[in-house]
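S.K.: Input structure: input-v6.cif, which contains mmCIF, C-alpha atoms.
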data_data
loop_
_atom_site.group_PDB
_atom_site.id
_atom_site.type_symbol
_atom_site.label_atom_id
_atom_site.label_comp_id
_atom_site.auth_asym_id
_atom_site.auth_seq_id
_atom_site.Cartn_x
_atom_site.Cartn_y
_atom_site.Cartn_z
ATOM 1 C CA MET T 1338 -7.289 -17.357 0.306
ATOM 2 C CA LYS T 1339 -4.918 -18.949 -2.166
ATOM 3 C CA SER T 1340 -2.641 -16.212 -3.407
ATOM 4 C CA ALA T 1341 0.258 -15.945 -5.828
ATOM 5 C CA VAL T 1342 3.067 -13.390 -5.939
ATOM 6 C CA ILE T 1343 4.736 -12.927 -9.327
ATOM 7 C CA VAL T 1344 8.523 -12.666 -9.236
ATOM 8 C CA PHE T 1345 10.500 -11.000 -12.042
ATOM 9 C CA PRO T 1346 14.259 -10.642 -12.214
ATOM 10 C CA GLY T 1347 14.775 -7.402 -10.275
ATOM 11 C CA SER T 1348 11.633 -7.601 -8.127
ATOM 12 C CA ASN T 1349 12.596 -6.629 -4.590
ATOM 13 C CA CYS T 1350 9.319 -6.246 -2.690
ATOM 14 C CA ASP T 1351 8.126 -9.782 -3.442
ATOM 15 C CA ARG T 1352 9.128 -10.988 0.009
ATOM 16 C CA ASP T 1353 7.436 -8.044 1.767
ATOM 17 C CA LEU T 1354 4.238 -8.778 -0.119
ATOM 18 C CA ALA T 1355 4.466 -12.505 0.637
ATOM 19 C CA VAL T 1356 4.955 -11.836 4.365
ATOM 20 C CA ALA T 1357 2.014 -9.420 4.439
ATOM 21 C CA LEU T 1358 -0.229 -11.918 2.652
ATOM 22 C CA GLU T 1359 0.813 -14.754 4.917
ATOM 23 C CA GLN T 1360 0.202 -12.666 8.034
ATOM 24 C CA VAL T 1361 -3.238 -11.589 6.945
ATOM 25 C CA THR T 1362 -4.489 -14.723 5.190
ATOM 26 C CA GLY T 1363 -2.661 -17.318 7.294
ATOM 27 C CA ARG T 1364 -1.448 -18.958 4.123
ATOM 28 C CA LYS T 1365 1.897 -18.654 2.349
ATOM 29 C CA PRO T 1366 1.432 -17.374 -1.202
ATOM 30 C CA ALA T 1367 2.902 -19.282 -4.138
ATOM 31 C CA MET T 1368 5.924 -17.426 -5.519
ATOM 32 C CA VAL T 1369 5.543 -17.635 -9.298
ATOM 33 C CA TRP T 1370 8.597 -17.027 -11.500
ATOM 34 C CA HIS T 1371 8.004 -14.852 -14.550
ATOM 35 C CA ARG T 1372 8.786 -17.651 -16.995
ATOM 36 C CA GLU T 1373 5.893 -19.785 -15.793
ATOM 37 C CA ALA T 1374 3.090 -19.955 -18.328
ATOM 38 C CA GLU T 1375 0.478 -20.883 -15.759
ATOM 39 C CA LEU T 1376 -0.563 -19.906 -12.257
ATOM 40 C CA PRO T 1377 -1.137 -22.536 -9.571
ATOM 41 C CA GLU T 1378 -4.550 -24.187 -9.868
ATOM 42 C CA GLY T 1379 -7.205 -22.332 -7.884
ATOM 43 C CA THR T 1380 -5.303 -19.055 -7.458
ATOM 44 C CA GLU T 1381 -7.741 -16.582 -5.874
ATOM 45 C CA PHE T 1382 -5.534 -13.513 -5.686
ATOM 46 C CA ILE T 1383 -2.476 -12.289 -7.603
ATOM 47 C CA GLY T 1384 0.075 -9.772 -6.355
ATOM 48 C CA ILE T 1385 2.589 -8.061 -8.612
ATOM 49 C CA PRO T 1386 5.280 -6.659 -6.352
ATOM 50 C CA GLY T 1387 7.468 -3.588 -6.365
ATOM 51 C CA GLY T 1388 11.068 -3.461 -7.440
ATOM 52 C CA PHE T 1389 12.999 -2.863 -10.607
ATOM 53 C CA SER T 1390 11.966 -5.676 -12.920
ATOM 54 C CA TYR T 1391 14.507 -6.085 -15.720
ATOM 55 C CA GLY T 1392 16.418 -3.124 -14.304
ATOM 56 C CA ASP T 1393 13.707 -0.776 -15.625
ATOM 57 C CA TYR T 1394 15.132 -1.351 -19.122
ATOM 58 C CA LEU T 1395 13.314 0.419 -21.973
ATOM 59 C CA ARG T 1396 10.565 1.710 -19.632
ATOM 60 C CA SER T 1397 9.654 0.729 -16.072
ATOM 61 C CA GLY T 1398 7.586 -2.442 -16.253
ATOM 62 C CA ALA T 1399 7.835 -2.722 -20.047
ATOM 63 C CA MET T 1400 9.798 -5.968 -20.235
ATOM 64 C CA ALA T 1401 7.969 -7.625 -17.334
ATOM 65 C CA ALA T 1402 4.608 -6.848 -18.958
ATOM 66 C CA ARG T 1403 5.625 -9.012 -21.935
ATOM 67 C CA SER T 1404 6.898 -12.003 -19.954
ATOM 68 C CA PRO T 1405 5.098 -15.367 -20.247
ATOM 69 C CA VAL T 1406 3.424 -15.265 -16.836
ATOM 70 C CA MET T 1407 1.610 -12.056 -17.700
ATOM 71 C CA ARG T 1408 -0.570 -13.868 -20.229
ATOM 72 C CA ALA T 1409 -1.781 -16.093 -17.387
ATOM 73 C CA VAL T 1410 -2.287 -13.018 -15.193
ATOM 74 C CA LYS T 1411 -4.357 -11.361 -17.953
ATOM 75 C CA ASP T 1412 -6.495 -14.467 -18.373
ATOM 76 C CA ALA T 1413 -7.071 -14.675 -14.618
ATOM 77 C CA ALA T 1414 -7.933 -10.963 -14.436
ATOM 78 C CA ASP T 1415 -10.433 -11.443 -17.289
ATOM 79 C CA ARG T 1416 -12.071 -14.210 -15.243
ATOM 80 C CA GLY T 1417 -12.430 -11.783 -12.323
ATOM 81 C CA VAL T 1418 -9.514 -12.921 -10.148
ATOM 82 C CA PRO T 1419 -8.384 -9.890 -8.084
ATOM 83 C CA VAL T 1420 -4.957 -8.547 -9.059
ATOM 84 C CA ILE T 1421 -2.965 -5.906 -7.189
ATOM 85 C CA GLY T 1422 0.089 -4.203 -8.656
ATOM 86 C CA ILE T 1423 2.163 -2.232 -6.203
ATOM 87 C CA CYS T 1424 4.750 0.322 -7.373
ATOM 88 C CA ASN T 1425 6.655 -1.501 -10.146
ATOM 89 C CA GLY T 1426 3.628 -3.817 -10.212
ATOM 90 C CA PHE T 1427 1.444 -0.800 -11.106
ATOM 91 C CA GLN T 1428 3.881 0.069 -13.893
ATOM 92 C CA VAL T 1429 3.721 -3.522 -15.154
ATOM 93 C CA LEU T 1430 -0.107 -3.453 -15.174
ATOM 94 C CA THR T 1431 -0.245 -0.236 -17.219
ATOM 95 C CA GLU T 1432 2.398 -1.545 -19.642
ATOM 96 C CA ALA T 1433 0.424 -4.785 -19.980
ATOM 97 C CA GLY T 1434 -2.737 -2.839 -20.814
ATOM 98 C CA LEU T 1435 -4.604 -4.103 -17.748
ATOM 99 C CA LEU T 1436 -4.880 -0.534 -16.475
ATOM 100 C CA PRO T 1437 -5.074 2.684 -18.522
ATOM 101 C CA GLY T 1438 -2.469 5.452 -18.576
ATOM 102 C CA ALA T 1439 1.261 5.403 -17.946
ATOM 103 C CA LEU T 1440 3.710 6.066 -15.130
ATOM 104 C CA MET T 1441 6.372 8.545 -16.091
ATOM 105 C CA ARG T 1442 9.510 9.915 -14.435
ATOM 106 C CA ASN T 1443 8.639 11.909 -11.277
ATOM 107 C CA ALA T 1444 8.061 15.548 -12.138
ATOM 108 C CA GLY T 1445 10.779 16.639 -9.703
ATOM 109 C CA LEU T 1446 13.160 14.036 -11.211
ATOM 110 C CA SER T 1447 14.089 12.835 -7.708
ATOM 111 C CA PHE T 1448 13.480 9.370 -6.348
ATOM 112 C CA VAL T 1449 10.750 9.901 -3.736
ATOM 113 C CA CYS T 1450 11.064 7.733 -0.622
ATOM 114 C CA ARG T 1451 8.897 8.749 2.333
ATOM 115 C CA ASN T 1452 5.542 8.285 4.030
ATOM 116 C CA VAL T 1453 2.763 10.061 2.172
ATOM 117 C CA PRO T 1454 -0.759 10.871 3.292
ATOM 118 C CA LEU T 1455 -3.461 9.476 1.003
ATOM 119 C CA ARG T 1456 -7.211 9.737 0.778
ATOM 120 C CA VAL T 1457 -9.279 6.633 0.145
ATOM 121 C CA GLU T 1458 -11.561 7.844 -2.654
ATOM 122 C CA ASN T 1459 -13.598 4.693 -3.123
ATOM 123 C CA SER T 1460 -14.244 2.313 -0.248
ATOM 124 C CA GLN T 1461 -16.597 0.125 -2.279
ATOM 125 C CA SER T 1462 -13.931 -1.860 -4.146
ATOM 126 C CA LEU T 1463 -12.654 -5.359 -3.430
ATOM 127 C CA PHE T 1464 -9.453 -3.806 -2.143
ATOM 128 C CA THR T 1465 -10.724 -0.869 -0.122
ATOM 129 C CA SER T 1466 -13.722 -2.246 1.769
ATOM 130 C CA GLY T 1467 -11.671 -2.111 4.974
ATOM 131 C CA TYR T 1468 -11.559 1.696 4.787
ATOM 132 C CA ASP T 1469 -14.119 4.482 5.009
ATOM 133 C CA SER T 1470 -14.682 6.617 1.944
ATOM 134 C CA GLY T 1471 -12.704 9.828 2.323
ATOM 135 C CA GLU T 1472 -10.576 8.332 5.094
ATOM 136 C CA GLU T 1473 -7.031 9.645 5.302
ATOM 137 C CA ILE T 1474 -4.281 7.071 5.667
ATOM 138 C CA VAL T 1475 -0.496 6.977 5.321
ATOM 139 C CA PHE T 1476 1.449 4.566 3.123
ATOM 140 C CA PRO T 1477 5.140 4.802 2.234
ATOM 141 C CA VAL T 1478 6.223 5.466 -1.347
ATOM 142 C CA ALA T 1479 9.606 4.636 -2.882
ATOM 143 C CA HIS T 1480 9.756 5.290 -6.605
ATOM 144 C CA HIS T 1481 11.344 7.199 -9.443
ATOM 145 C CA ASP T 1482 8.624 6.689 -12.040
ATOM 146 C CA GLY T 1483 5.338 7.306 -10.240
ATOM 147 C CA ASN T 1484 4.035 10.247 -12.218
ATOM 148 C CA TYR T 1485 0.652 8.944 -13.390
ATOM 149 C CA GLN T 1486 -0.474 10.376 -16.720
ATOM 150 C CA ALA T 1487 -3.398 9.692 -19.016
ATOM 151 C CA ASP T 1488 -5.342 11.870 -21.428
ATOM 152 C CA GLU T 1489 -8.131 14.053 -20.079
ATOM 153 C CA ALA T 1490 -10.895 11.764 -21.368
ATOM 154 C CA VAL T 1491 -9.387 8.762 -19.536
ATOM 155 C CA LEU T 1492 -8.914 10.797 -16.354
ATOM 156 C CA ASP T 1493 -12.513 12.029 -16.499
ATOM 157 C CA ARG T 1494 -13.757 8.490 -16.983
ATOM 158 C CA LEU T 1495 -11.679 7.185 -14.049
ATOM 159 C CA GLU T 1496 -13.090 9.931 -11.815
ATOM 160 C CA GLY T 1497 -16.643 9.530 -13.071
ATOM 161 C CA GLU T 1498 -16.676 5.765 -12.596
ATOM 162 C CA GLY T 1499 -15.189 5.882 -9.094
ATOM 163 C CA ARG T 1500 -12.032 4.174 -10.307
ATOM 164 C CA VAL T 1501 -9.609 6.487 -8.513
ATOM 165 C CA ALA T 1502 -9.010 4.350 -5.426
ATOM 166 C CA PHE T 1503 -6.347 6.442 -3.682
ATOM 167 C CA ARG T 1504 -5.247 10.036 -4.092
ATOM 168 C CA TYR T 1505 -2.211 11.844 -2.702
ATOM 169 C CA LEU T 1506 -3.195 14.611 -0.310
ATOM 170 C CA ASP T 1507 -0.114 16.595 -1.336
ATOM 171 C CA GLN T 1508 1.737 16.717 -4.610
ATOM 172 C CA CYS T 1509 4.109 13.738 -4.573
ATOM 173 C CA ASN T 1510 5.450 13.041 -8.054
ATOM 174 C CA GLY T 1511 3.516 15.168 -10.525
ATOM 175 C CA SER T 1512 0.688 12.674 -11.049
ATOM 176 C CA ALA T 1513 -2.333 13.980 -12.925
ATOM 177 C CA ARG T 1514 -5.032 14.943 -10.417
ATOM 178 C CA ASN T 1515 -2.802 13.568 -7.627
ATOM 179 C CA ILE T 1516 -3.821 10.025 -8.531
ATOM 180 C CA ALA T 1517 -2.017 7.388 -6.438
ATOM 181 C CA GLY T 1518 -4.006 4.286 -7.357
ATOM 182 C CA ILE T 1519 -6.642 3.230 -9.880
ATOM 183 C CA LEU T 1520 -9.006 0.347 -10.580
ATOM 184 C CA ASN T 1521 -9.807 -1.310 -13.915
ATOM 185 C CA ASP T 1522 -13.348 -1.041 -15.259
ATOM 186 C CA ALA T 1523 -14.423 -4.371 -13.737
ATOM 187 C CA GLY T 1524 -12.992 -3.323 -10.360
ATOM 188 C CA ASN T 1525 -10.867 -6.446 -9.854
ATOM 189 C CA VAL T 1526 -7.485 -4.948 -10.793
ATOM 190 C CA LEU T 1527 -5.866 -2.292 -8.597
ATOM 191 C CA GLY T 1528 -2.592 -0.519 -9.318
ATOM 192 C CA LEU T 1529 -1.026 1.878 -6.834
ATOM 193 C CA MET T 1530 2.389 3.427 -6.319
ATOM 194 C CA PRO T 1531 2.359 3.507 -2.460
ATOM 195 C CA HIS T 1532 3.248 0.331 -0.543
ATOM 196 C CA PRO T 1533 0.456 -1.038 1.690
ATOM 197 C CA GLU T 1534 2.522 -4.199 2.329
ATOM 198 C CA ARG T 1535 5.098 -2.114 4.211
ATOM 199 C CA VAL T 1536 2.640 -0.949 6.881
ATOM 200 C CA ILE T 1537 1.165 -4.182 8.173
ATOM 201 C CA GLU T 1538 2.325 -4.613 11.757
ATOM 202 C CA PRO T 1539 3.104 -2.265 14.674
ATOM 203 C CA ALA T 1540 6.843 -2.863 14.211
ATOM 204 C CA HIS T 1541 6.517 -1.119 10.808
ATOM 205 C CA GLY T 1542 5.465 2.035 12.646
ATOM 206 C CA ARG T 1543 1.980 2.011 11.105
ATOM 207 C CA THR T 1544 -0.619 -0.577 10.199
ATOM 208 C CA ASP T 1545 -2.715 1.332 7.633
ATOM 209 C CA GLY T 1546 -1.947 -1.209 4.919
ATOM 210 C CA ARG T 1547 -3.250 -4.185 6.820
ATOM 211 C CA ARG T 1548 -6.888 -3.322 6.206
ATOM 212 C CA LEU T 1549 -6.381 -3.472 2.450
ATOM 213 C CA PHE T 1550 -5.453 -7.146 2.667
ATOM 214 C CA GLU T 1551 -8.017 -7.859 5.394
ATOM 215 C CA GLY T 1552 -10.801 -6.295 3.319
ATOM 216 C CA LEU T 1553 -9.708 -8.289 0.304
ATOM 217 C CA LEU T 1554 -9.629 -11.493 2.300
ATOM 218 C CA GLU T 1555 -13.140 -10.814 3.542
ATOM 219 C CA THR T 1556 -14.562 -10.187 0.067
ATOM 220 C CA VAL T 1557 -12.709 -13.038 -1.652
ATOM 221 C CA ALA T 1558 -13.076 -15.732 1.007
ATOM 222 C CA MET E 1 19.462 -4.381 -43.167
ATOM 223 C CA LYS E 2 19.320 -1.841 -40.393
ATOM 224 C CA ALA E 3 16.564 0.377 -39.167
ATOM 225 C CA ARG E 4 16.411 3.102 -36.611
ATOM 226 C CA VAL E 5 13.439 3.739 -34.415
ATOM 227 C CA PHE E 6 13.102 7.210 -32.911
ATOM 228 C CA ILE E 7 10.858 7.349 -29.871
ATOM 229 C CA THR E 8 9.653 10.712 -28.675
ATOM 230 C CA LEU E 9 7.159 11.876 -26.101
ATOM 231 C CA LYS E 10 3.852 12.991 -27.556
ATOM 232 C CA THR E 11 3.238 16.711 -27.772
ATOM 233 C CA GLY E 12 1.685 17.917 -24.557
ATOM 234 C CA VAL E 13 3.193 15.140 -22.433
ATOM 235 C CA LEU E 14 5.398 16.755 -19.802
ATOM 236 C CA ASP E 15 9.059 15.855 -20.126
ATOM 237 C CA PRO E 16 10.820 16.373 -16.790
ATOM 238 C CA GLN E 17 14.113 15.072 -18.174
ATOM 239 C CA GLY E 18 13.984 17.492 -21.094
ATOM 240 C CA LYS E 19 13.283 20.305 -18.619
ATOM 241 C CA ALA E 20 16.291 19.339 -16.490
ATOM 242 C CA ILE E 21 18.539 19.228 -19.559
ATOM 243 C CA HIS E 22 17.218 22.635 -20.559
ATOM 244 C CA HIS E 23 18.077 24.043 -17.119
ATOM 245 C CA ALA E 24 21.535 22.504 -17.267
ATOM 246 C CA LEU E 25 22.184 24.030 -20.691
ATOM 247 C CA GLU E 26 21.134 27.428 -19.360
ATOM 248 C CA GLY E 27 23.425 26.886 -16.389
ATOM 249 C CA LEU E 28 26.299 26.402 -18.822
ATOM 250 C CA GLY E 29 25.488 29.736 -20.406
ATOM 251 C CA PHE E 30 23.626 28.536 -23.504
ATOM 252 C CA SER E 31 20.862 31.099 -23.428
ATOM 253 C CA GLY E 32 19.315 30.529 -26.854
ATOM 254 C CA VAL E 33 17.548 27.242 -26.090
ATOM 255 C CA ASN E 34 13.762 27.560 -26.198
ATOM 256 C CA ASP E 35 12.830 24.011 -25.250
ATOM 257 C CA VAL E 36 14.329 20.525 -24.883
ATOM 258 C CA ARG E 37 12.561 17.201 -25.380
ATOM 259 C CA ALA E 38 14.424 13.958 -24.667
ATOM 260 C CA GLY E 39 13.707 10.704 -26.496
ATOM 261 C CA LYS E 40 15.249 7.380 -27.417
ATOM 262 C CA LEU E 41 16.971 5.942 -30.462
ATOM 263 C CA ILE E 42 16.853 2.187 -30.977
ATOM 264 C CA GLU E 43 18.903 0.581 -33.752
ATOM 265 C CA LEU E 44 17.675 -2.706 -35.147
ATOM 266 C CA ASP E 45 19.769 -5.092 -37.203
ATOM 267 C CA LEU E 46 17.134 -6.977 -39.191
ATOM 268 C CA ALA E 47 16.915 -9.938 -41.509
ATOM 269 C CA ASP E 48 16.591 -8.927 -45.162
ATOM 270 C CA GLY E 49 12.998 -8.710 -46.202
ATOM 271 C CA THR E 50 11.668 -7.526 -42.829
ATOM 272 C CA SER E 51 8.627 -5.517 -43.777
ATOM 273 C CA ASP E 52 7.669 -2.054 -42.644
ATOM 274 C CA SER E 53 4.633 -3.490 -40.934
ATOM 275 C CA ASP E 54 6.838 -5.936 -38.975
ATOM 276 C CA ILE E 55 8.887 -3.041 -37.646
ATOM 277 C CA GLU E 56 5.755 -1.063 -36.915
ATOM 278 C CA ASN E 57 4.380 -4.008 -34.922
ATOM 279 C CA MET E 58 7.605 -4.167 -32.914
ATOM 280 C CA CYS E 59 7.124 -0.509 -32.063
ATOM 281 C CA ARG E 60 3.481 -0.872 -31.092
ATOM 282 C CA LYS E 61 3.962 -4.062 -29.095
ATOM 283 C CA LEU E 62 7.113 -3.168 -27.200
ATOM 284 C CA LEU E 63 9.480 -0.421 -28.295
ATOM 285 C CA ALA E 64 7.116 2.503 -27.745
ATOM 286 C CA ASN E 65 4.352 3.032 -25.224
ATOM 287 C CA THR E 66 1.805 4.638 -27.505
ATOM 288 C CA VAL E 67 -0.102 6.060 -24.538
ATOM 289 C CA ILE E 68 2.646 8.646 -24.125
ATOM 290 C CA GLU E 69 5.105 8.145 -26.990
ATOM 291 C CA ASN E 70 5.277 8.505 -30.769
ATOM 292 C CA PHE E 71 7.683 6.541 -32.935
ATOM 293 C CA ARG E 72 9.271 7.115 -36.303
ATOM 294 C CA ILE E 73 11.013 4.408 -38.316
ATOM 295 C CA GLU E 74 13.962 5.130 -40.547
ATOM 296 C CA ARG E 75 15.338 2.363 -42.744
ATOM 297 C CA LEU E 76 19.056 2.526 -43.443
ATOM 298 C CA GLU E 77 19.573 1.125 -46.912
ATOM 299 C CA ASN E 78 23.022 -0.357 -47.673
ATOM 300 C CA ALA E 79 23.705 -0.759 -43.988
#
Now, as a test, write the supplied structure out as C-alpha cells.

M.R.:
Amino acid sequence: MKSAVIVFPGSNCDRDLAVALEQVTGRKPAMVWHREAELPEGTEFIGIPGGFSYGDYLRSGAMAARSPVMRAVKDAADRGVPVIGICNGFQVLTEAGLLPGALMRNAGLSFVCRNVPLRVENSQSLFTSGYDSGEEIVFPVAHHDGNYQADEAVLDRLEGEGRVAFRYLDQCNGSARNIAGILNDAGNVLGLMPHPERVIEPAHGRTDGRRLFEGLLETVA
Amino acid sequence: MKARVFITLKTGVLDPQGKAIHHALEGLGFSGVNDVRAGKLIELDLADGTSDSDIENMCRKLLANTVIENFRIERLENA
C-alpha cells in the first residue's frame, strides 16, 4: 500500500504514524510537506498526524485545514482514497469540512494524556474491519481540544448511519455521546482523537492499534 | 480602514473556558456574575474599499468556525 503522511509545521506524531505504517505495510510512506499542491502519484492512503499544527493558532487545525496540500487531500478523499486523521489530524479534517462537527476545548479544561478504553461501534468500515463490533480496546489519548460537538441532527445522523466508529467507555473530554471517532458519509474518511499508531508493537505495552492498519491494508491492497 | 471581528460561541454551545473564568471570579469574591462566555476579537487593517461581503467571506472561510461560532463585524470609520 502506497501511503502518504502529511506534515504541517508543528506536527509531532508524523514519525510515529510513518513507523506504524511502515511496520504494517512494509513500505515507507511518503512524507508530504503542507505546501505541496499534489500528493505522490498513486497514493492509496493518506494519514494526517497528531501534533500542534501552526501552534493551534486561531483554532486547533484551522490553519492547517487551509494549507495547499489539503486541496489535494480533499480531491483524493472525493475519489475514495482512504484518509485517517488522528488527534490534530481529526481537528484538521473537521476544520476542512471533510468531517462534520467540531473539536472544542476539553470540558474539564485539562490536557488529557492517558490510556482510554474504547468500544468499536462499527467493524464494517475500511478502518475497523480488523475488530469485532462492540469489541473493547485501549488506545492512548493526548489532547487539549478533543471535546467533539455537533448539533443534535448531525449526531443522530452519525449514529443512525453507523458513522460513529469508536466511542469512549468513560467520559474523557466532554464529547457529545462519548464520541471518539467518526466516519464521513462515504466511509473512506476517519477522524479520531485516540492514537492507534502508538499501540502497534509489544514494546508499546499494547498492540490494539495494529489491527486498524492491518485491516486497512487488507481492504485497500 | 480598520474592522473588528467579534467571534463568540453560539448559544447552547458549552464554554468550558467561560465556566472556569466564572469560577475564578467567584473565587475572588465577585458574587454577582451570572454567567461568563469567552470569545475572540480580531482586528483587521484593510485596504480602502474592502467590501462588507469580503470581510464576511474572511469570517466564513477562516476567522470563525460557523459550526460552533457566530461572528459580528464592526467597521471602524476614520481609523

S.K.: Quick one: which residues from chain T are at most 12 Å off chain E, using all atoms listed in the file, as a VMD selection string?

M.R.: chain T and resid 1394 to 1404 1428 1431 to 1434 1436 to 1447 1481 to 1482 1484 to 1489 1491 1510 to 1513

S.K.: For a test of reading the model, state the distance in Å between atom CA of T:Glu1375 and atom CA of T:Asp1412, rounded to one decimal.

M.R.: 9.8 Å

S.K.: I need the residue set behind the PyMOL selection byres ((chain T and resi 1340) around 7) for this file; please write it as a PDB file with C-alpha atoms, in the coordinates of the input.

M.R.:
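As written to disk, selection.pdb reads:
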ATOM      1  CA  MET T1338      -7.289 -17.357   0.306  1.00  0.00           C
ATOM      2  CA  LYS T1339      -4.918 -18.949  -2.166  1.00  0.00           C
ATOM      3  CA  ALA T1341       0.258 -15.945  -5.828  1.00  0.00           C
ATOM      4  CA  VAL T1342       3.067 -13.390  -5.939  1.00  0.00           C
ATOM      5  CA  PRO T1366       1.432 -17.374  -1.202  1.00  0.00           C
ATOM      6  CA  ALA T1367       2.902 -19.282  -4.138  1.00  0.00           C
ATOM      7  CA  THR T1380      -5.303 -19.055  -7.458  1.00  0.00           C
ATOM      8  CA  GLU T1381      -7.741 -16.582  -5.874  1.00  0.00           C
ATOM      9  CA  PHE T1382      -5.534 -13.513  -5.686  1.00  0.00           C
ATOM     10  CA  ILE T1383      -2.476 -12.289  -7.603  1.00  0.00           C
TER      11      ILE T1383
END

S.K.: Rank E:Leu76, E:Thr11, E:Phe6, E:Ile21 by their smallest atom-to-atom distance to E:Asp45, using only C-alpha atoms, and report the top residue only.

M.R.: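 The closest residue to E:Asp45 is E:Leu76.
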
S.K.: Any idea what the distance is between atom CA of E:Asn34 and atom CA of T:Val1449?

M.R.: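 Separating atom CA of E:Asn34 from atom CA of T:Val1449 is a distance of 28.7 Å.
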
S.K.: Kindly provide, as a count of residues only, the polymer residues lying within 9 Å of (-0.2, 9.9, 8.4), counting only C-alpha atoms and using the coordinates exactly as they appear in the file.

M.R.: 10

S.K.: Taking 5 positions as the minimum chain separation for residues in the same chain, which residues sit within 10 Å of T:Val1478 when counting only C-alpha atoms? Answer as a list of chain:residue names.

M.R.: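 The neighbour list is T:Ile1423, T:Cys1424, T:Phe1448, T:Val1449, T:Cys1450, T:Arg1451, T:Asn1452, T:Val1453, T:Pro1454, T:Gly1483, T:Cys1509, T:Ala1517, T:Leu1529, T:Met1530, T:Pro1531, T:His1532, T:Pro1533, T:Arg1535.
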
S.K.: Export C-alpha atoms of the chosen residues as a CSV table (one decimal), keeping the file's coordinate frame?

M.R.:
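Output (part-v8.csv):
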chain,number,residue,atom,x,y,z
T,1423,ILE,CA,2.2,-2.2,-6.2
T,1424,CYS,CA,4.8,0.3,-7.4
T,1448,PHE,CA,13.5,9.4,-6.3
T,1449,VAL,CA,10.8,9.9,-3.7
T,1450,CYS,CA,11.1,7.7,-0.6
T,1451,ARG,CA,8.9,8.7,2.3
T,1452,ASN,CA,5.5,8.3,4.0
T,1453,VAL,CA,2.8,10.1,2.2
T,1454,PRO,CA,-0.8,10.9,3.3
T,1483,GLY,CA,5.3,7.3,-10.2
T,1509,CYS,CA,4.1,13.7,-4.6
T,1517,ALA,CA,-2.0,7.4,-6.4
T,1529,LEU,CA,-1.0,1.9,-6.8
T,1530,MET,CA,2.4,3.4,-6.3
T,1531,PRO,CA,2.4,3.5,-2.5
T,1532,HIS,CA,3.2,0.3,-0.5
T,1533,PRO,CA,0.5,-1.0,1.7
T,1535,ARG,CA,5.1,-2.1,4.2

S.K.: Which residues, named as in the file, does the PyMOL selection byres ((chain E and resi 35) around 10) pick out? Answer as a list in words.

M.R.: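 That selection, the PyMOL selection byres ((chain E and resi 35) around 10), comes back as Gly18, Lys19, Ile21, His22, His23, Gly32, Val33, Asn34, Val36 and Arg37 of chain E.
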
S.K.: Take every atom of stretch 61-74 of chain E listed in the file, fit an axis-aligned box around them, add 5 Å per side, and give the centre and edge lengths in Å to one decimal as lines of an AutoDock Vina configuration file.

M.R.:
center_x = 6.9
center_y = 2.3
center_z = -32.3
size_x = 24.1
size_y = 22.7
size_z = 26.4

S.K.: Report as a VMD selection string the full result of the PyMOL selection byres ((chain E and resi 7) around 7) when it is applied to this structure.

M.R.: chain E and resid 5 to 6 8 to 9 39 to 41 64 69 to 72

S.K.: Just to confirm, what's the straight-line distance from atom CA of T:Arg1504 to atom CA of T:Arg1456 in Å (one decimal)?

M.R.: 5.3 Å

S.K.: Point out the residue among E:Ala38, E:Leu25, E:Arg60, E:Asp52 with the least atom-to-atom distance to E:Arg75, counting only C-alpha atoms.

M.R.: E:Asp52

S.K.: For T:Gly1426, list every protein, DNA or RNA residue within 8 Å, evaluated using all atoms listed in the file, and leave out those in the same chain fewer than 2 positions away; present the list as a list of chain:residue names.

M.R.: T:Gly1384, T:Ile1385, T:Pro1386, T:Gly1387, T:Gly1388, T:Gly1398, T:Ile1421, T:Gly1422, T:Ile1423, T:Cys1424, T:Gln1428, T:Val1429, T:Leu1430, T:Gly1528

S.K.: Find the residues near E:Asp48: any atom within 12 Å, counting all atoms listed in the file, skip ones fewer than 4 places away on the same chain, and give them as a PyMOL selection string.

M.R.: chain E and resi 1-3+44+52+54+75-79
